[in-house]
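Encoded as structure tokens, the structure appears first; notes follow it.
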Amino acid sequence: MEALLERSLIWTVVLAAVATYVLVYTVRFRRSRAQAARRLEQNHELGMDRPLGQYPLVDSNRCIGCSTCVDACPEGDVLGIVSGRAVVINGARCIGHGECAEACPVGAIRVGLGDITKRDDIPLLDEDHQTTVPGLYIAGELSGFALIHNAVQQGVATARAVDRSLKAEGPRGPDRLDLVVVGAGPAGMTAALTALESGLSCVVLDQQGAGGTILQYPRRKLVMVQPVEIPGYGLLDRREYSKEDLLEIWERLHRTRGLDIRVGVRVTGIQGERGNFQVQTGGESFSCRRVILALGRRGTPRRLNVPGEDLPKVAYKLIDAEAYKGRRVLVVGGGDSAVEAAMGLAHQPDCQVTLSYRKPELLRIKQRNAERIAPLIRDGRINFLGATNVTAIKEDVVTLEGPDGPVILPNDEVFIMAGGIAPFGLLRGMGVCFGGDQKDMQRSAGRPAAAPA
Ligand SMILES: Cc1cc2nc3c(=O)[nH]c(=O)nc-3n(C[C@H](O)[C@H](O)[C@H](O)COP(=O)(O)OP(=O)(O)OC[C@H]3O[C@@H](n4cnc5c(N)ncnc54)[C@H](O)[C@@H]3O)c2cc1C
């Protein structure tokens, strides 16, 4: 009798444990699915479900809704499960690592650009990466494909295509360069290295510095890299490099290979035609036979255009949060970059952080960031001033205009992280056509164009 009671008790405990586990799992499962659906709706309203470049294309007939892709994404919340299928809920966050595609057990995902006929941000390129303007080429992330290994491969392939077309054209006049490369990121640098190896005369122009977007990464960031061959260096074969390692590689190539890189030079327009282009900058203009645009997609940081914005204490990126211990800092913006900078600064000893955003709430950020910043605001470690606009910056104060009138804050440093002005207007000014123009072009029997490879 006692043994029977004991067995019943054990079974009751086991069944209760299983029932609790199933209940907790079901509640969590339902909650995560409901969150994904809410997030999709919210991001759709904000236009953030739309991807910037390549993104996961999910075959919903094959998808079994197992969530493996959601868990595999290094960016966290690009994909979600809605109505039992994987969907892109935050396309703007996708960098294109493709880990979702690798992880999918049924092969339902591939990473690409999809149908570009509605995309006004994907330039039309032929198989040589030439735009609809003959002699004007595009390499790297500007083509729609992010990631360093894609930029390097495209840089090499595009410079080789330029070399072939120049050789077919015959010798140049002495008065102009063979090639101007605009942008000194991974695509521009490798294009220029390849051009030099082919004996072409080449100048690289960059509005910031050599390294491109890698320069903007936070200090000591670990960068995931797929194996790729860099001209003049060899194979990048480790899975992870620090930001500093990568910059050291570019720096060494710059020093030893004799690249002519002009930094702090912003290209404002390009005129002319194949064989005779004029690349215009704020000052000098460069004559050349071919141009490779390797501008990336991040554009030029958006300025506030307020008095005092040219003071040396104003910056548009945060590289080293530790350097701001004990400082009074204003961060301006309401996206992930601004929020991540504010949180990084708030963790430094005695750093007083104010976050100013023109909208009343922080809606355009990753869920993970929303969850992390809420307690910092609640505990007063970040002074969040929603619905405010900066009106003036002075040596030791900043002035904001808010719903209750002007606010004056003592201040040592200002970070403006209000997004960037995308380079697509510049490209259109040069005559480059985009995916969205394709139908009109076909109608007027223009030159056939293909999506970038
Ligand atoms: C936060 C973050 C993390 C990332 N992490 C990874 C990662 O882990 N692994 C990975 O592979 N990729 C990562 N990426 C993506 C990677 O950095 C980019 O895909 C890559 O840098 C693109 O190279 P690019 O040469 O095409 O352009 P970019 O590196 O963007 O370089 C473009 C250059 O053009 C210059 N330029 C732009 N306009 C002009 C103009 N008008 N005149 C003159 N110069 C101009 C810019 O100053 C810039 O130097 C990350 C990106 C970000 C933002």
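Every chain in the structure tokens has a letter given in the order shown (A, B, ...), and although residue numbers restart at 1 in each chain, ligands are simply numbered from 1 in the order shown.
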
Requested in this report: Please extract the residues at most 6 Å from ligand 1, counting only C-alpha atoms and all ligand atoms, and provide them as a ChimeraX atom specification, using the chain letters and residue numbers of this document.
Outcome: /A:140-142,146-149,151,182-188,205-209,212-214,217,223-225,265-268,294-296,299

If you count only C-alpha atoms, which residues fall within 9 Å of A:Leu355, apart from same-chain ones fewer than 3 positions away, as a PDB file with N, CA and C atoms, in the first residue's frame?
ATOM      1  N   VAL A 329      27.413  64.811 -21.649  1.00  0.00           N
ATOM      2  CA  VAL A 329      27.292  64.507 -23.080  1.00  0.00           C
ATOM      3  C   VAL A 329      25.835  64.601 -23.540  1.00  0.00           C
ATOM      4  N   LEU A 330      25.644  65.214 -24.706  1.00  0.00           N
ATOM      5  CA  LEU A 330      24.319  65.190 -25.345  1.00  0.00           C
ATOM      6  C   LEU A 330      24.407  64.299 -26.576  1.00  0.00           C
ATOM      7  N   VAL A 331      23.504  63.299 -26.653  1.00  0.00           N
ATOM      8  CA  VAL A 331      23.398  62.479 -27.863  1.00  0.00           C
ATOM      9  C   VAL A 331      22.096  62.884 -28.552  1.00  0.00           C
ATOM     10  N   VAL A 332      22.162  63.147 -29.852  1.00  0.00           N
ATOM     11  CA  VAL A 332      20.966  63.575 -30.585  1.00  0.00           C
ATOM     12  C   VAL A 332      20.573  62.480 -31.578  1.00  0.00           C
ATOM     13  N   GLY A 333      19.334  62.030 -31.498  1.00  0.00           N
ATOM     14  CA  GLY A 333      18.847  61.010 -32.442  1.00  0.00           C
ATOM     15  C   GLY A 333      17.968  60.002 -31.726  1.00  0.00           C
ATOM     16  N   GLY A 334      17.237  59.222 -32.507  1.00  0.00           N
ATOM     17  CA  GLY A 334      16.311  58.266 -31.898  1.00  0.00           C
ATOM     18  C   GLY A 334      16.395  56.888 -32.529  1.00  0.00           C
ATOM     19  N   ALA A 338      22.053  56.036 -32.042  1.00  0.00           N
ATOM     20  CA  ALA A 338      21.994  57.024 -30.955  1.00  0.00           C
ATOM     21  C   ALA A 338      21.754  56.329 -29.620  1.00  0.00           C
ATOM     22  N   VAL A 339      20.837  55.375 -29.615  1.00  0.00           N
ATOM     23  CA  VAL A 339      20.489  54.686 -28.367  1.00  0.00           C
ATOM     24  C   VAL A 339      21.679  53.853 -27.874  1.00  0.00           C
ATOM     25  N   ALA A 342      24.219  56.233 -26.424  1.00  0.00           N
ATOM     26  CA  ALA A 342      23.786  56.754 -25.113  1.00  0.00           C
ATOM     27  C   ALA A 342      23.979  55.694 -24.031  1.00  0.00           C
ATOM     28  N   ILE A 382      20.133  57.827 -17.976  1.00  0.00           N
ATOM     29  CA  ILE A 382      20.024  58.571 -19.243  1.00  0.00           C
ATOM     30  C   ILE A 382      18.839  59.528 -19.091  1.00  0.00           C
ATOM     31  N   ASN A 383      19.130  60.820 -19.350  1.00  0.00           N
ATOM     32  CA  ASN A 383      18.082  61.827 -19.275  1.00  0.00           C
ATOM     33  C   ASN A 383      17.452  61.913 -20.661  1.00  0.00           C
ATOM     34  N   PHE A 384      16.308  61.226 -20.856  1.00  0.00           N
ATOM     35  CA  PHE A 384      15.700  61.203 -22.193  1.00  0.00           C
ATOM     36  C   PHE A 384      14.780  62.408 -22.361  1.00  0.00           C
ATOM     37  N   LEU A 385      15.071  63.258 -23.363  1.00  0.00           N
ATOM     38  CA  LEU A 385      14.232  64.414 -23.646  1.00  0.00           C
ATOM     39  C   LEU A 385      13.563  64.207 -24.999  1.00  0.00           C
ATOM     40  N   GLY A 386      12.343  63.618 -24.949  1.00  0.00           N
ATOM     41  CA  GLY A 386      11.593  63.380 -26.191  1.00  0.00           C
ATOM     42  C   GLY A 386      10.976  64.689 -26.671  1.00  0.00           C
TER      43      GLY A 386
END

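Atom pair atom CA of A:Arg119 / atom CA of A:Pro423: separated by 14.5 Å.
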
Query raised in the report: Counting only C-alpha atoms, what is within 6 Å of stretch 301-313 of chain A, bar same-chain residues fewer than 2 positions away, as a PyMOL selection string?
Result: chain A and resi 391-394+413+418-421

Dump as a short mmCIF file (atom, residue, chain, number, x, y, z; two decimals), in the first residue's frame, selection limited to N, CA and C atoms:
data_model
loop_
_atom_site.label_atom_id
_atom_site.label_comp_id
_atom_site.auth_asym_id
_atom_site.auth_seq_id
_atom_site.Cartn_x
_atom_site.Cartn_y
_atom_site.Cartn_z
N THR A 391 18.69 73.75 -30.68
CA THR A 391 18.63 75.03 -31.41
C THR A 391 19.99 75.74 -31.44
N ALA A 392 20.86 75.44 -30.46
CA ALA A 392 22.19 76.07 -30.48
C ALA A 392 23.16 75.26 -29.65
N ILE A 393 24.44 75.29 -30.10
CA ILE A 393 25.50 74.59 -29.36
C ILE A 393 26.57 75.64 -29.05
N LYS A 394 26.95 75.74 -27.76
CA LYS A 394 28.02 76.67 -27.39
C LYS A 394 29.11 75.88 -26.69
N GLU A 413 30.23 67.63 -24.58
CA GLU A 413 30.37 66.90 -25.86
C GLU A 413 28.99 66.70 -26.49
N ALA A 418 21.77 61.44 -36.29
CA ALA A 418 20.43 61.64 -36.85
C ALA A 418 20.33 61.03 -38.24
N GLY A 419 21.09 59.95 -38.48
CA GLY A 419 21.00 59.26 -39.78
C GLY A 419 21.90 59.90 -40.82
N GLY A 420 21.81 59.39 -42.02
CA GLY A 420 22.68 59.89 -43.10
C GLY A 420 21.86 60.25 -44.33
N ILE A 421 22.47 61.07 -45.18
CA ILE A 421 21.81 61.39 -46.46
C ILE A 421 22.33 60.39 -47.48
#

Query - Shell of 12 Å around A:Gly232, only C-alpha atoms, local chain residues under 6 positions omitted, as number ranges by chain - result: A: 156, 189-197, 249-250, 252-259

For the selection just defined, write its residues with C-alpha atoms to a file, as an mmCIF file, in the first residue's frame.
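Saved as part-v4.cif:
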data_model
loop_
_atom_site.group_PDB
_atom_site.id
_atom_site.type_symbol
_atom_site.label_atom_id
_atom_site.label_comp_id
_atom_site.auth_asym_id
_atom_site.auth_seq_id
_atom_site.Cartn_x
_atom_site.Cartn_y
_atom_site.Cartn_z
ATOM 1 C CA VAL A 156 38.470 43.203 -57.710
ATOM 2 C CA MET A 189 40.640 49.963 -51.766
ATOM 3 C CA THR A 190 40.627 46.562 -53.460
ATOM 4 C CA ALA A 191 39.489 48.093 -56.759
ATOM 5 C CA ALA A 192 42.432 50.516 -56.598
ATOM 6 C CA LEU A 193 44.905 47.747 -55.628
ATOM 7 C CA THR A 194 43.707 45.636 -58.569
ATOM 8 C CA ALA A 195 43.939 48.610 -60.940
ATOM 9 C CA LEU A 196 47.533 49.274 -59.811
ATOM 10 C CA GLU A 197 48.431 45.609 -60.354
ATOM 11 C CA ILE A 249 45.782 45.584 -43.072
ATOM 12 C CA TRP A 250 44.425 48.517 -45.134
ATOM 13 C CA ARG A 252 49.868 48.468 -44.549
ATOM 14 C CA LEU A 253 48.568 48.046 -48.110
ATOM 15 C CA HIS A 254 48.229 51.815 -48.460
ATOM 16 C CA ARG A 255 51.839 52.333 -47.278
ATOM 17 C CA THR A 256 53.497 49.518 -49.190
ATOM 18 C CA ARG A 257 51.564 49.473 -52.463
ATOM 19 C CA GLY A 258 51.789 53.193 -53.169
ATOM 20 C CA LEU A 259 48.050 53.835 -53.412
#

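Among A:Asn369, A:Ser32, A:Ser83, A:Ser356, the residue with the shortest atom-to-atom distance to A:Met343, counting only C-alpha atoms, is A:Asn369.
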
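Using only C-alpha atoms, the smallest distance between any of A:Arg358, A:Arg289, A:Phe415, A:Ile373 and A:Pro403 comes from A:Arg358.
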
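Closest approach to A:Cys351 among A:Asp404, A:Glu395, A:Glu322, A:Glu127: A:Glu322, based on only C-alpha atoms.
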
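Running DSSP on the backbone gives strand (DSSP E) for these residues within stretch 187-262 of chain A: Cys202, Val203, Val204, Leu205, Asp206, Leu222, Val223, Met224, Val228, Glu229, Ile230, Gly234, Leu235, Leu236, Glu240, Tyr241, Ser242, Ile261 and Arg262 of chain A.
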
Any chance you can output those residues with C-alpha atoms as an mmCIF file, in the first residue's frame?
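What landed in again_11.cif:
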data_model
loop_
_atom_site.group_PDB
_atom_site.id
_atom_site.type_symbol
_atom_site.label_atom_id
_atom_site.label_comp_id
_atom_site.auth_asym_id
_atom_site.auth_seq_id
_atom_site.Cartn_x
_atom_site.Cartn_y
_atom_site.Cartn_z
ATOM 1 C CA CYS A 202 44.428 55.605 -60.388
ATOM 2 C CA VAL A 203 43.441 58.007 -57.598
ATOM 3 C CA VAL A 204 41.101 57.177 -54.691
ATOM 4 C CA LEU A 205 38.979 59.967 -53.180
ATOM 5 C CA ASP A 206 37.250 59.679 -49.810
ATOM 6 C CA LEU A 222 34.806 41.891 -33.555
ATOM 7 C CA VAL A 223 34.061 41.732 -37.257
ATOM 8 C CA MET A 224 32.731 38.517 -38.799
ATOM 9 C CA VAL A 228 38.299 36.342 -49.141
ATOM 10 C CA GLU A 229 41.507 37.095 -51.066
ATOM 11 C CA ILE A 230 42.786 40.673 -50.792
ATOM 12 C CA GLY A 234 46.542 37.282 -49.412
ATOM 13 C CA LEU A 235 43.673 35.422 -47.855
ATOM 14 C CA LEU A 236 41.626 36.839 -44.978
ATOM 15 C CA GLU A 240 36.726 37.034 -36.843
ATOM 16 C CA TYR A 241 39.013 40.055 -36.939
ATOM 17 C CA SER A 242 39.037 43.074 -34.686
ATOM 18 C CA ILE A 261 44.384 58.073 -51.591
ATOM 19 C CA ARG A 262 43.132 61.625 -51.034
#

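Using only C-alpha atoms for every distance, the candidate list A:Leu426, A:Ala387, A:Val353, A:Ala370 yields A:Val353 as the residue closest to A:Asp412.
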
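Residues of stretch 176-253 of chain A carrying a DSSP assignment of helix (DSSP H, G or I), computed from the backbone, are Pro186, Ala187, Gly188, Met189, Thr190, Ala191, Ala192, Leu193, Thr194, Ala195, Leu196, Glu197, Gly212, Thr213, Ile214, Leu215, Gln216, Lys243, Glu244, Asp245, Leu246, Leu247, Glu248, Ile249, Trp250, Glu251, Arg252 and Leu253 of chain A.
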
Query raised in the report: Could you pull the residues within 12 Å of A:Ala34, counting only C-alpha atoms, minus those fewer than 5 positions along the same chain, as a VMD selection string?
Result: chain A and resid 27 to 29 39 to 41 80 to 84

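Nearest to A:Ala346 of all the residues A:Arg372, A:Arg93, A:Arg381, A:Arg364 is A:Arg381, counting only C-alpha atoms.
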
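When only C-alpha atoms are used to measure the gap to A:Leu113, the shortest distance among A:Asp440, A:Glu284, A:Val88, A:Tyr55 belongs to A:Tyr55.
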
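Near A:Ala108, within a cut-off of 10 Å and counting only C-alpha atoms, sit the residues Pro56, Leu57, Val58, Asp59, Ser60, Asn61, Arg62, Cys63, Ile64, Cys69, Ala86, Cys100, Ala101 and Glu102 of chain A, with same-chain residues fewer than 6 positions away left out.
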
May I have the residues from that selection written out with C-alpha atoms, as a compact mmCIF listing (two decimals), in the first residue's frame?
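Once written, part-v9.txt looks like this:
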# COMPACT_ATOMS: atom_id res chain seq x y z
CA PRO A 56 16.44 36.68 -46.51
CA LEU A 57 13.99 35.60 -49.20
CA VAL A 58 11.76 33.01 -47.54
CA ASP A 59 9.95 30.37 -49.58
CA SER A 60 6.76 30.17 -47.50
CA ASN A 61 5.74 26.90 -49.18
CA ARG A 62 8.83 25.21 -47.79
CA CYS A 63 9.12 27.03 -44.44
CA ILE A 64 8.05 24.89 -41.49
CA CYS A 69 16.53 31.06 -38.70
CA ALA A 86 9.31 33.00 -41.10
CA CYS A 100 19.57 32.19 -41.43
CA ALA A 101 19.91 30.48 -44.83
CA GLU A 102 22.69 28.20 -43.57

**Report entry** Between atom CA of A:Asn411 and atom CA of A:Arg327, distance in Å (one decimal)
**Finding:** 7.9 Å

Contacts of A:Leu427 within 10 Å, only C-alpha atoms, excl. fewer than 4 positions in-chain, as a PDB file with C-alpha atoms, in the first residue's frame:
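Output file around_19.pdb follows:
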ATOM      1  CA  PRO A 123      21.275  50.780 -59.144  1.00  0.00           C
ATOM      2  CA  THR A 131      25.856  51.459 -64.503  1.00  0.00           C
ATOM      3  CA  THR A 268      29.865  66.310 -55.437  1.00  0.00           C
ATOM      4  CA  GLY A 269      29.196  65.308 -59.039  1.00  0.00           C
ATOM      5  CA  ILE A 270      30.516  63.658 -62.175  1.00  0.00           C
ATOM      6  CA  LEU A 293      31.841  54.479 -57.326  1.00  0.00           C
ATOM      7  CA  ALA A 422      21.864  58.412 -48.819  1.00  0.00           C
ATOM      8  CA  PRO A 423      24.001  58.773 -51.962  1.00  0.00           C
ATOM      9  CA  GLY A 431      22.410  59.894 -64.789  1.00  0.00           C
ATOM     10  CA  VAL A 432      22.459  56.453 -63.099  1.00  0.00           C
ATOM     11  CA  CYS A 433      19.171  54.499 -63.318  1.00  0.00           C
ATOM     12  CA  PHE A 434      17.752  52.263 -60.553  1.00  0.00           C
TER      13      PHE A 434
END

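What separates atom CA of A:Val70 from atom CA of A:Arg85 is a distance of 10.9 Å.
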